[in-house]
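Okay, run_13.cif is below, mmCIF, C-alpha atoms and all ligand atoms:
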```
data_input
#
loop_
_atom_site.label_atom_id
_atom_site.label_comp_id
_atom_site.auth_asym_id
_atom_site.auth_seq_id
_atom_site.Cartn_x
_atom_site.Cartn_y
_atom_site.Cartn_z
CA MET A 13 38.23 -51.04 73.02
CA ALA A 14 41.95 -51.62 72.48
CA ALA A 15 44.02 -51.02 75.61
CA THR A 16 46.21 -47.91 75.71
CA LYS A 17 49.21 -49.86 76.98
CA VAL A 18 49.79 -53.59 76.46
CA PHE A 19 52.41 -55.24 78.66
CA LYS A 20 53.98 -58.34 77.10
CA ILE A 21 54.64 -60.90 79.82
CA ALA A 22 56.45 -64.23 79.54
CA ALA A 23 54.91 -66.72 81.99
CA ILE A 24 57.17 -69.57 83.10
CA PRO A 25 55.20 -71.62 85.65
CA ALA A 26 57.87 -74.39 85.53
CA ASP A 27 57.54 -77.03 88.27
CA GLY A 28 55.13 -78.25 90.93
CA VAL A 29 53.01 -75.59 92.63
CA GLY A 30 54.57 -73.00 90.33
CA ARG A 31 51.84 -73.90 87.84
CA GLU A 32 48.98 -73.30 90.28
CA VAL A 33 50.27 -70.04 91.69
CA VAL A 34 51.18 -68.51 88.31
CA GLU A 35 47.64 -69.27 87.15
CA ALA A 36 46.32 -67.51 90.27
CA GLY A 37 48.49 -64.45 89.66
CA ARG A 38 47.41 -64.26 86.03
CA THR A 39 43.76 -64.35 87.10
CA VAL A 40 44.29 -61.38 89.42
CA LEU A 41 46.23 -59.36 86.84
CA ASP A 42 43.67 -60.07 84.11
CA THR A 43 40.86 -58.95 86.44
CA LEU A 44 42.74 -55.74 87.06
CA ALA A 45 43.23 -55.18 83.32
CA GLU A 46 39.55 -55.88 82.53
CA GLN A 47 38.57 -53.29 85.10
CA SER A 48 41.10 -50.67 84.01
CA GLY A 49 38.71 -49.21 81.46
CA GLY A 50 41.15 -49.78 78.62
CA LYS A 51 44.10 -48.16 80.42
CA PHE A 52 46.23 -51.29 80.15
CA ALA A 53 46.17 -54.99 79.20
CA PHE A 54 48.47 -57.98 79.55
CA ASP A 55 49.59 -60.05 76.58
CA TRP A 56 50.70 -63.42 77.98
CA THR A 57 52.99 -65.96 76.35
CA GLU A 58 53.49 -69.15 78.34
CA PHE A 59 56.71 -71.18 78.11
CA ASN A 60 56.64 -74.84 79.15
CA TRP A 61 60.24 -74.89 80.41
CA GLY A 62 61.15 -76.73 83.60
CA SER A 63 61.79 -80.27 84.74
CA ASP A 64 59.24 -81.92 82.38
CA TYR A 65 60.89 -80.05 79.52
CA TYR A 66 64.23 -81.42 80.76
CA ALA A 67 62.86 -84.99 80.66
CA ALA A 68 61.85 -84.47 77.03
CA HIS A 69 64.78 -82.37 75.76
CA GLY A 70 67.69 -82.81 78.21
CA VAL A 71 67.76 -79.07 78.98
CA MET A 72 65.67 -76.93 81.34
CA MET A 73 64.80 -74.33 78.70
CA ASP A 74 65.10 -73.78 74.97
CA PRO A 75 68.75 -72.98 74.10
CA GLN A 76 67.36 -69.89 72.29
CA GLY A 77 65.16 -69.09 75.30
CA LEU A 78 67.08 -66.07 76.54
CA GLU A 79 66.83 -64.49 73.08
CA GLN A 80 63.07 -65.16 73.10
CA LEU A 81 62.64 -63.64 76.56
CA LYS A 82 64.38 -60.40 75.59
CA ALA A 83 61.27 -59.35 73.67
CA PHE A 84 59.10 -59.21 76.83
CA ASP A 85 58.38 -56.41 79.28
CA ALA A 86 58.68 -58.83 82.22
CA ILE A 87 58.88 -62.47 83.19
CA TYR A 88 56.40 -64.02 85.63
CA PHE A 89 57.96 -67.13 87.12
CA GLY A 90 56.59 -69.96 89.27
CA ALA A 91 59.05 -72.35 90.88
CA VAL A 92 61.84 -74.67 89.85
CA GLY A 93 62.91 -78.08 91.12
CA TRP A 94 61.64 -81.63 90.72
CA GLU A 95 62.86 -85.08 91.65
CA ASN A 96 63.78 -86.11 88.07
CA VAL A 97 66.53 -83.46 87.85
CA PRO A 98 69.34 -82.80 90.35
CA ASP A 99 68.55 -79.48 92.12
CA HIS A 100 71.76 -77.77 91.01
CA VAL A 101 71.02 -78.70 87.38
CA SER A 102 67.44 -77.41 87.45
CA LEU A 103 68.32 -74.20 89.31
CA TRP A 104 71.28 -73.28 87.09
CA GLY A 105 69.48 -74.45 83.95
CA LEU A 106 66.47 -72.20 84.39
CA ARG A 107 66.14 -69.67 87.21
CA LEU A 108 69.82 -68.76 87.56
CA ASN A 109 70.30 -68.92 83.79
CA ILE A 110 67.79 -66.08 83.56
CA THR A 111 68.78 -64.01 86.61
CA GLN A 112 72.51 -64.18 85.85
CA ASN A 113 72.39 -63.61 82.09
CA PHE A 114 69.81 -60.83 82.36
CA ASP A 115 71.90 -59.18 85.09
CA GLN A 116 68.94 -59.08 87.46
CA TRP A 117 71.26 -58.00 90.22
CA ALA A 118 68.74 -56.67 92.73
CA ASN A 119 66.43 -59.21 94.34
CA ILE A 120 63.79 -57.51 96.49
CA ARG A 121 62.05 -59.65 99.11
CA PRO A 122 59.57 -57.78 101.33
CA VAL A 123 58.64 -59.36 104.67
CA LYS A 124 54.97 -58.55 105.22
CA PHE A 125 52.78 -59.42 108.19
CA LEU A 126 49.18 -59.83 107.05
CA PRO A 127 45.95 -59.45 109.06
CA GLY A 128 44.34 -62.75 110.02
CA ILE A 129 47.62 -64.67 109.81
CA THR A 130 49.24 -65.72 113.07
CA SER A 131 52.96 -65.14 113.30
CA PRO A 132 55.06 -67.47 115.46
CA LEU A 133 56.51 -64.24 116.93
CA ARG A 134 54.64 -63.03 120.02
CA LYS A 135 55.98 -59.56 119.32
CA ALA A 136 54.02 -59.44 116.07
CA ASP A 137 50.75 -59.32 118.04
CA ASP A 138 51.25 -55.75 119.19
CA THR A 139 54.12 -54.36 117.09
CA GLU A 140 54.05 -52.99 113.56
CA LEU A 141 56.59 -55.12 111.65
CA ASP A 142 57.54 -54.50 108.04
CA TRP A 143 60.95 -54.86 106.44
CA ILE A 144 62.53 -55.64 103.08
CA VAL A 145 65.44 -57.96 102.39
CA VAL A 146 67.57 -56.75 99.47
CA ARG A 147 69.50 -59.69 98.07
CA GLU A 148 72.60 -59.24 95.93
CA ASN A 149 71.56 -61.43 93.02
CA SER A 150 74.47 -61.62 90.59
CA GLU A 151 77.63 -62.72 92.39
CA GLY A 152 78.70 -63.58 95.96
CA GLU A 153 78.24 -67.24 96.85
CA TYR A 154 76.24 -67.79 93.62
CA ALA A 155 79.08 -66.86 91.27
CA GLY A 156 79.28 -70.46 90.12
CA LEU A 157 83.07 -70.47 90.39
CA GLY A 158 84.91 -73.62 91.33
CA GLY A 159 85.27 -77.22 90.34
CA ARG A 160 85.70 -80.82 91.39
CA ASN A 161 88.71 -82.98 90.73
CA LEU A 162 90.76 -85.99 91.77
CA SER A 163 87.89 -88.49 91.93
CA GLY A 164 90.21 -90.79 89.98
CA ARG A 165 92.29 -91.24 93.16
CA GLY A 166 89.50 -93.38 94.53
CA PRO A 167 86.65 -93.14 97.02
CA GLY A 168 87.04 -90.41 99.64
CA ASN A 169 89.77 -88.54 97.77
CA GLU A 170 87.78 -86.16 95.60
CA VAL A 171 88.13 -82.40 96.25
CA ALA A 172 85.79 -79.51 95.48
CA ILE A 173 86.25 -75.75 95.51
CA GLN A 174 83.28 -73.35 95.59
CA SER A 175 84.49 -69.76 95.46
CA SER A 176 82.53 -66.59 96.21
CA LEU A 177 83.00 -63.50 94.08
CA PHE A 178 82.71 -60.00 95.51
CA THR A 179 83.44 -57.05 93.25
CA ASP A 180 83.59 -53.43 94.32
CA LYS A 181 81.08 -52.53 91.59
CA GLY A 182 78.75 -55.42 92.49
CA CYS A 183 78.77 -54.47 96.17
CA GLU A 184 78.35 -50.77 95.46
CA ARG A 185 75.36 -51.10 93.16
CA ILE A 186 73.33 -53.28 95.53
CA ILE A 187 74.26 -51.23 98.60
CA ARG A 188 73.37 -48.00 96.80
CA PHE A 189 70.08 -49.62 95.73
CA ALA A 190 69.34 -50.41 99.39
CA PHE A 191 70.02 -46.82 100.47
CA ASP A 192 67.82 -45.39 97.71
CA LEU A 193 65.06 -47.80 98.76
CA ALA A 194 65.46 -46.80 102.42
CA ARG A 195 64.95 -43.16 101.48
CA THR A 196 61.46 -44.05 100.17
CA ARG A 197 60.43 -45.65 103.47
CA THR A 198 59.09 -44.24 106.74
CA VAL A 199 62.01 -45.70 108.68
CA LYS A 200 65.15 -44.63 106.83
CA LYS A 201 67.62 -47.27 107.88
CA VAL A 202 69.85 -49.83 106.14
CA SER A 203 71.22 -52.89 107.95
CA SER A 204 74.16 -54.48 106.18
CA VAL A 205 74.81 -58.18 106.79
CA THR A 206 78.09 -60.04 106.30
CA LYS A 207 80.32 -62.56 108.02
CA SER A 208 83.46 -60.49 107.63
CA ASN A 209 85.09 -61.69 110.82
CA ALA A 210 85.48 -65.14 109.25
CA GLN A 211 85.38 -64.32 105.52
CA GLN A 212 88.16 -61.79 105.49
CA TYR A 213 88.38 -60.93 101.79
CA GLY A 214 85.06 -60.59 99.98
CA MET A 215 83.01 -59.60 102.97
CA VAL A 216 85.55 -57.11 104.27
CA LEU A 217 85.39 -55.51 100.82
CA TRP A 218 81.57 -55.44 101.20
CA ASP A 219 81.89 -53.74 104.64
CA GLU A 220 84.26 -51.13 103.25
CA VAL A 221 82.00 -50.35 100.30
CA PHE A 222 79.05 -50.13 102.70
CA ALA A 223 80.87 -47.53 104.83
CA ARG A 224 81.85 -45.58 101.71
CA VAL A 225 78.32 -45.49 100.27
CA ALA A 226 76.75 -44.78 103.69
CA ALA A 227 78.76 -41.55 103.90
CA GLU A 228 76.74 -40.26 100.93
CA TYR A 229 73.43 -40.88 102.75
CA PRO A 230 73.73 -38.99 106.08
CA ASP A 231 69.91 -38.96 106.36
CA VAL A 232 69.78 -42.79 106.49
CA ALA A 233 70.63 -44.66 109.71
CA THR A 234 72.95 -47.66 109.34
CA GLU A 235 74.23 -50.71 111.11
CA SER A 236 76.58 -53.56 110.13
CA VAL A 237 75.60 -56.89 111.63
CA LEU A 238 77.10 -60.37 111.31
CA VAL A 239 74.72 -62.86 109.75
CA ASP A 240 74.45 -65.00 112.87
CA ALA A 241 73.56 -61.96 114.97
CA MET A 242 71.10 -60.81 112.30
CA SER A 243 69.33 -64.20 112.44
CA ALA A 244 68.79 -63.61 116.16
CA LYS A 245 67.72 -60.02 115.53
CA PHE A 246 65.03 -61.15 113.07
CA ILE A 247 63.44 -63.02 115.97
CA LEU A 248 64.24 -60.84 118.98
CA HIS A 249 64.21 -57.27 117.61
CA PRO A 250 62.52 -57.26 114.18
CA GLU A 251 60.98 -53.86 114.95
CA GLU A 252 64.46 -52.37 114.41
CA LEU A 253 64.58 -53.45 110.75
CA SER A 254 63.64 -51.50 107.65
CA VAL A 255 65.96 -52.42 104.73
CA VAL A 256 68.34 -55.36 105.17
CA VAL A 257 71.01 -55.74 102.47
CA ALA A 258 73.03 -58.93 102.21
CA SER A 259 74.97 -61.18 99.87
CA ASN A 260 73.25 -63.73 97.63
CA LEU A 261 73.28 -66.68 100.05
CA ASN A 262 72.88 -64.79 103.32
CA ALA A 263 69.91 -62.83 102.00
CA ASP A 264 68.31 -66.01 100.62
CA ILE A 265 68.46 -67.62 104.05
CA LEU A 266 67.38 -64.49 105.94
CA SER A 267 64.41 -63.86 103.65
CA ASP A 268 63.15 -67.41 104.21
CA LEU A 269 63.44 -66.79 107.94
CA GLY A 270 61.55 -63.52 107.53
CA SER A 271 58.68 -65.08 105.60
CA ALA A 272 58.45 -67.96 108.10
CA LEU A 273 58.16 -65.34 110.85
CA ALA A 274 55.35 -63.67 108.91
CA GLY A 275 53.56 -67.03 108.93
CA SER A 276 54.59 -69.00 105.85
CA LEU A 277 57.01 -69.18 102.96
CA GLY A 278 53.94 -69.21 100.77
CA LEU A 279 53.38 -65.50 101.51
CA ALA A 280 56.72 -64.16 100.32
CA ALA A 281 57.01 -62.16 97.11
CA SER A 282 60.10 -61.26 95.16
CA ALA A 283 61.33 -59.19 92.25
CA ASN A 284 64.57 -59.97 90.38
CA LEU A 285 65.34 -56.56 88.93
CA ASN A 286 67.65 -55.37 86.20
CA PRO A 287 67.37 -51.75 87.36
CA GLU A 288 68.97 -50.38 84.16
CA ARG A 289 66.16 -52.10 82.17
CA ARG A 290 68.59 -53.52 79.61
CA PHE A 291 66.83 -56.86 80.13
CA PRO A 292 63.38 -57.88 81.36
CA SER A 293 63.04 -58.25 85.12
CA MET A 294 61.54 -61.38 86.67
CA PHE A 295 58.86 -61.66 89.36
CA GLU A 296 58.30 -64.85 91.36
CA PRO A 297 57.19 -66.12 94.75
CA VAL A 298 60.12 -66.91 97.02
CA HIS A 299 58.92 -70.48 97.59
CA GLY A 300 59.98 -73.49 95.55
CA SER A 301 57.96 -76.17 93.77
CA ALA A 302 56.68 -77.90 96.98
CA PRO A 303 56.45 -81.49 95.63
CA ASP A 304 54.65 -82.59 98.82
CA ILE A 305 51.52 -80.61 97.94
CA ALA A 306 51.91 -79.98 94.19
CA GLY A 307 48.92 -80.81 91.99
CA GLN A 308 46.40 -80.81 94.84
CA GLY A 309 45.28 -77.20 94.35
CA ILE A 310 46.00 -76.29 97.97
CA SER A 311 49.12 -74.14 97.62
CA ASN A 312 49.16 -70.59 98.90
CA PRO A 313 48.86 -68.17 95.95
CA ILE A 314 49.66 -65.05 97.98
CA GLY A 315 53.42 -65.04 97.34
CA ALA A 316 52.81 -65.20 93.59
CA ILE A 317 50.03 -62.60 93.66
CA ALA A 318 52.12 -60.23 95.79
CA SER A 319 54.95 -60.74 93.26
CA ALA A 320 52.51 -59.66 90.55
CA ALA A 321 52.00 -56.46 92.57
CA LEU A 322 55.76 -55.88 92.46
CA MET A 323 55.56 -56.33 88.68
CA LEU A 324 52.84 -53.66 88.53
CA ASP A 325 55.15 -51.29 90.40
CA HIS A 326 57.85 -52.04 87.84
CA PHE A 327 55.39 -51.08 85.07
CA GLY A 328 54.68 -47.75 86.80
CA LEU A 329 51.22 -48.90 87.96
CA ALA A 330 51.74 -48.03 91.63
CA ASP A 331 48.05 -47.43 92.46
CA GLU A 332 47.15 -50.82 90.97
CA ALA A 333 49.99 -52.47 92.90
CA ARG A 334 48.68 -51.00 96.16
CA ALA A 335 45.15 -52.15 95.21
CA VAL A 336 46.37 -55.75 94.81
CA GLU A 337 48.18 -55.57 98.16
CA ALA A 338 45.06 -54.16 99.82
CA ALA A 339 42.97 -56.95 98.27
CA ILE A 340 45.39 -59.56 99.67
CA GLU A 341 45.02 -57.98 103.12
CA ALA A 342 41.23 -57.89 102.82
CA ALA A 343 41.17 -61.57 101.85
CA THR A 344 43.39 -62.74 104.72
CA ALA A 345 41.54 -60.51 107.20
CA GLN A 346 38.25 -62.17 106.29
CA GLY A 347 39.78 -65.63 106.77
CA ALA A 348 40.54 -66.75 103.22
CA LEU A 349 43.55 -68.80 104.27
CA THR A 350 45.25 -71.88 102.88
CA ARG A 351 46.45 -74.73 105.10
CA ASP A 352 50.01 -73.44 105.52
CA VAL A 353 48.63 -70.42 107.40
CA GLY A 354 46.09 -72.33 109.45
CA GLY A 355 43.06 -72.20 107.14
CA LYS A 356 41.15 -74.70 105.03
CA ALA A 357 40.73 -72.76 101.79
CA VAL A 358 42.13 -74.10 98.53
CA THR A 359 44.20 -72.06 96.07
CA SER A 360 41.24 -71.08 93.89
CA GLU A 361 39.19 -69.93 96.90
CA VAL A 362 41.92 -67.59 98.14
CA THR A 363 42.43 -66.31 94.59
CA HIS A 364 38.69 -65.74 94.26
CA ALA A 365 38.58 -63.84 97.58
CA ILE A 366 41.40 -61.57 96.36
CA VAL A 367 39.67 -61.00 93.01
CA GLN A 368 36.40 -60.19 94.84
CA ALA A 369 38.15 -57.74 97.17
CA LEU A 370 39.85 -56.12 94.21
CA SER A 371 36.60 -55.84 92.24
CA SER A 372 34.63 -54.32 95.09
CA ALA A 373 37.44 -51.85 95.82
CA LEU A 374 37.53 -50.83 92.17
CA ILE A 375 33.75 -50.45 92.02
CA THR A 376 33.68 -48.21 95.10
CA ALA A 377 36.78 -46.20 94.06
N1 LIG A 401 60.33 -69.40 93.00
C1 LIG A 401 61.62 -69.56 93.55
C2 LIG A 401 62.21 -70.90 93.28
O1 LIG A 401 61.74 -71.64 92.48
N2 LIG A 401 63.28 -71.19 94.00
C3 LIG A 401 63.93 -72.43 93.86
C4 LIG A 401 65.24 -72.47 94.56
O2 LIG A 401 65.65 -73.52 95.01
N3 LIG A 401 65.93 -71.36 94.65
C5 LIG A 401 67.17 -71.25 95.30
C6 LIG A 401 67.67 -69.86 95.23
O3 LIG A 401 67.08 -69.05 94.54
O4 LIG A 401 68.65 -69.55 95.87
#
```

Using structure tokens, write down the structure that the file contains.
Ligand code: GGG
Amino acid sequence: MAATKVFKIAAIPADGVGREVVEAGRTVLDTLAEQSGGKFAFDWTEFNWGSDYYAAHGVMMDPQGLEQLKAFDAIYFGAVGWENVPDHVSLWGLRLNITQNFDQWANIRPVKFLPGITSPLRKADDTELDWIVVRENSEGEYAGLGGRNLSGRGPGNEVAIQSSLFTDKGCERIIRFAFDLARTRTVKKVSSVTKSNAQQYGMVLWDEVFARVAAEYPDVATESVLVDAMSAKFILHPEELSVVVASNLNADILSDLGSALAGSLGLAASANLNPERRFPSMFEPVHGSAPDIAGQGISNPIGAIASAALMLDHFGLADEARAVEAAIEAATAQGALTRDVGGKAVTSEVTHAIVQALSSALITA
């Protein structure tokens, strides 16, 4: 029977463990589609872009790649970065090329504590912890503005400028996004993070826009916290967090801290959203290519599978997204854990446990 709705997805596994975890996520999504009784299906097209592609072609992706990607409902991404390409070349040539040109300005990074996984935080043993980092994903410290010069004056004389860009519109849209998200959550609170005492232009503008937007959401609690204080708060008072909105770099750092507190970077999911849907959005685990373990089949697939759940939400398949999240929790609770979270299972075993949990939940539903 032909599926009622077919979602066209571009898979870009790219580098290192990205290949293993994208395969795991595809397995879970295809299981879900097979069991949907013809409600939906996924039509995958895989692109071999990444650092190997760079070695063969001198670029990280096809120069026509963005045009090709426009035809898809979503992009499912693995990880970028390998030793044959300088990190700034691989990041700008692939991941940032897509997020910036497709105006995927909202990067959602939930911090989830899973059963069966020990957090380094003692507080996590007896406190319900659950927050979302909302990362401004189009400007800030990642504006790519600056340059290097004067190397001709000899060793030690070169200069470099790396400028941040903060626009009123860019700040407003991500802050408004955070407030709208907070309204959907049990704890209606937005924590805004800057370093406006030291960065007196862009981040003061951010603070002012935050205060302006907050006035429109009297039902949502707010706080403005400096990034250093917020780092401490993640560890000492994480129970006070619900939605944390921050600039591109600050949110990148804080979300890594959050996923480490949940037990591993391998657990963290993310969605790079173009909320207006003018371009496809992109879903990827927060982690990178992990060259130290790549190719051994031992990477943690949970970040990628949880990112697939965020993609289901984007497609309007909220029940299916919750089912995938529940299956992840069932798998970790029963001890299907990779090495990074203290277990011995390999990638395929954790994936299999999630598929099994999903299948039995669907059968009993
Ligand atoms: N799957 C995420 C990924 O590959 N990240 C690589 C990386 O280095 N990202 C830096 C950044 O996004 O700021």

Enumerate residues in contact with ligand LIG 401 (chain A): an atom-to-atom distance of at most 8 Å, counting only C-alpha atoms and all ligand atoms. Format the result as a ChimeraX atom specification. /A:30,89-93,99,103,107-108,260-261,264,296-301

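Distance-wise, CA of Ala227 (chain A) and CA of Glu252 (chain A) end up 20.8 Å apart.
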
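Of the listed residues (A:His249, A:Leu106, A:Gly158, A:Ala258), A:Ala258 comes nearest to Gly182 (chain A); the distances count only C-alpha atoms.
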
What gap, in Å, lies between CA of Pro122 (chain A) and CA of Asn284 (chain A)? 12.2 Å

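The spacing separating CA of Ser176 (chain A) from CA of Ala118 (chain A) amounts to 17.3 Å.
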
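Closest approach to Leu41 (chain A) among A:Val202, A:Tyr88, A:Pro127, A:Met72: A:Tyr88, based on only C-alpha atoms.
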
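Distances to Pro25 (chain A) were evaluated for A:Ala190, A:Ala316, A:Val367, A:Ile129 using only C-alpha atoms, and the minimum falls at A:Ala316.
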
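Neighbours of Val256 (chain A) closer than or equal to 10 Å, with all atoms listed in the file counted and sequence neighbours fewer than 3 positions away skipped, come out as Arg121, Pro122, Trp143, Ile144, Val145, Val146, Arg147, Ile187, Ala190, Phe191, Ala194, Lys201, Val202, Ser203, Ser204, Val205, Thr234, Glu235, Ser236, Val237, Met242, Leu253, Ala263, Leu266 and Ser267 of chain A.
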
Go ahead and write the selection's residues with C-alpha atoms as a PDB file, keeping the file's coordinate frame.
```pdb
ATOM      1  CA  ARG A 121      62.050 -59.650  99.110  1.00  0.00           C
ATOM      2  CA  PRO A 122      59.570 -57.780 101.330  1.00  0.00           C
ATOM      3  CA  TRP A 143      60.950 -54.860 106.440  1.00  0.00           C
ATOM      4  CA  ILE A 144      62.530 -55.640 103.080  1.00  0.00           C
ATOM      5  CA  VAL A 145      65.440 -57.960 102.390  1.00  0.00           C
ATOM      6  CA  VAL A 146      67.570 -56.750  99.470  1.00  0.00           C
ATOM      7  CA  ARG A 147      69.500 -59.690  98.070  1.00  0.00           C
ATOM      8  CA  ILE A 187      74.260 -51.230  98.600  1.00  0.00           C
ATOM      9  CA  ALA A 190      69.340 -50.410  99.390  1.00  0.00           C
ATOM     10  CA  PHE A 191      70.020 -46.820 100.470  1.00  0.00           C
ATOM     11  CA  ALA A 194      65.460 -46.800 102.420  1.00  0.00           C
ATOM     12  CA  LYS A 201      67.620 -47.270 107.880  1.00  0.00           C
ATOM     13  CA  VAL A 202      69.850 -49.830 106.140  1.00  0.00           C
ATOM     14  CA  SER A 203      71.220 -52.890 107.950  1.00  0.00           C
ATOM     15  CA  SER A 204      74.160 -54.480 106.180  1.00  0.00           C
ATOM     16  CA  VAL A 205      74.810 -58.180 106.790  1.00  0.00           C
ATOM     17  CA  THR A 234      72.950 -47.660 109.340  1.00  0.00           C
ATOM     18  CA  GLU A 235      74.230 -50.710 111.110  1.00  0.00           C
ATOM     19  CA  SER A 236      76.580 -53.560 110.130  1.00  0.00           C
ATOM     20  CA  VAL A 237      75.600 -56.890 111.630  1.00  0.00           C
ATOM     21  CA  MET A 242      71.100 -60.810 112.300  1.00  0.00           C
ATOM     22  CA  LEU A 253      64.580 -53.450 110.750  1.00  0.00           C
ATOM     23  CA  ALA A 263      69.910 -62.830 102.000  1.00  0.00           C
ATOM     24  CA  LEU A 266      67.380 -64.490 105.940  1.00  0.00           C
ATOM     25  CA  SER A 267      64.410 -63.860 103.650  1.00  0.00           C
TER      26      SER A 267
END
```

Within 7 Å of Ala283 (chain A), counting all atoms listed in the file, which residues qualify if same-chain residues fewer than 6 places away don't, as a list in words? Asn119, Ile120, Arg121, Met294, Phe295, Glu296, Ser319 and Leu322 of chain A

Serialized selection, C-alpha atoms, as a PDB file, keeping the file's coordinate frame:
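result.pdb written:
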```pdb
ATOM      1  CA  ASN A 119      66.430 -59.210  94.340  1.00  0.00           C
ATOM      2  CA  ILE A 120      63.790 -57.510  96.490  1.00  0.00           C
ATOM      3  CA  ARG A 121      62.050 -59.650  99.110  1.00  0.00           C
ATOM      4  CA  MET A 294      61.540 -61.380  86.670  1.00  0.00           C
ATOM      5  CA  PHE A 295      58.860 -61.660  89.360  1.00  0.00           C
ATOM      6  CA  GLU A 296      58.300 -64.850  91.360  1.00  0.00           C
ATOM      7  CA  SER A 319      54.950 -60.740  93.260  1.00  0.00           C
ATOM      8  CA  LEU A 322      55.760 -55.880  92.460  1.00  0.00           C
TER       9      LEU A 322
END
```

From the list A:Phe327, A:Ser271, A:Gln308, A:Glu184, the nearest residue to Leu126 (chain A) using only C-alpha atoms is A:Ser271

Is it possible to add N, CA and C atoms to region 36-48 of chain A and hand it back as a compact mmCIF listing (two decimals), in the coordinates of the input?
```txt
# COMPACT_ATOMS: atom_id res chain seq x y z
N ALA A 36 47.03 -68.41 89.34
CA ALA A 36 46.32 -67.51 90.27
C ALA A 36 46.72 -66.06 90.03
N GLY A 37 48.01 -65.82 89.88
CA GLY A 37 48.49 -64.45 89.66
C GLY A 37 47.98 -63.88 88.35
N ARG A 38 47.92 -64.73 87.32
CA ARG A 38 47.41 -64.26 86.03
C ARG A 38 45.94 -63.87 86.15
N THR A 39 45.18 -64.65 86.92
CA THR A 39 43.76 -64.35 87.10
C THR A 39 43.59 -62.96 87.73
N VAL A 40 44.40 -62.69 88.74
CA VAL A 40 44.29 -61.38 89.42
C VAL A 40 44.69 -60.25 88.47
N LEU A 41 45.78 -60.43 87.75
CA LEU A 41 46.23 -59.36 86.84
C LEU A 41 45.22 -59.14 85.71
N ASP A 42 44.65 -60.23 85.20
CA ASP A 42 43.67 -60.07 84.11
C ASP A 42 42.41 -59.38 84.61
N THR A 43 42.01 -59.66 85.86
CA THR A 43 40.86 -58.95 86.44
C THR A 43 41.14 -57.45 86.49
N LEU A 44 42.34 -57.15 86.96
CA LEU A 44 42.74 -55.74 87.06
C LEU A 44 42.69 -55.05 85.69
N ALA A 45 43.20 -55.76 84.67
CA ALA A 45 43.23 -55.18 83.32
C ALA A 45 41.81 -54.98 82.79
N GLU A 46 40.95 -56.00 83.01
CA GLU A 46 39.55 -55.88 82.53
C GLU A 46 38.88 -54.67 83.15
N GLN A 47 39.24 -54.38 84.40
CA GLN A 47 38.57 -53.29 85.10
C GLN A 47 39.30 -51.96 84.97
N SER A 48 40.34 -51.91 84.12
CA SER A 48 41.10 -50.67 84.01
C SER A 48 40.49 -49.69 83.01
```
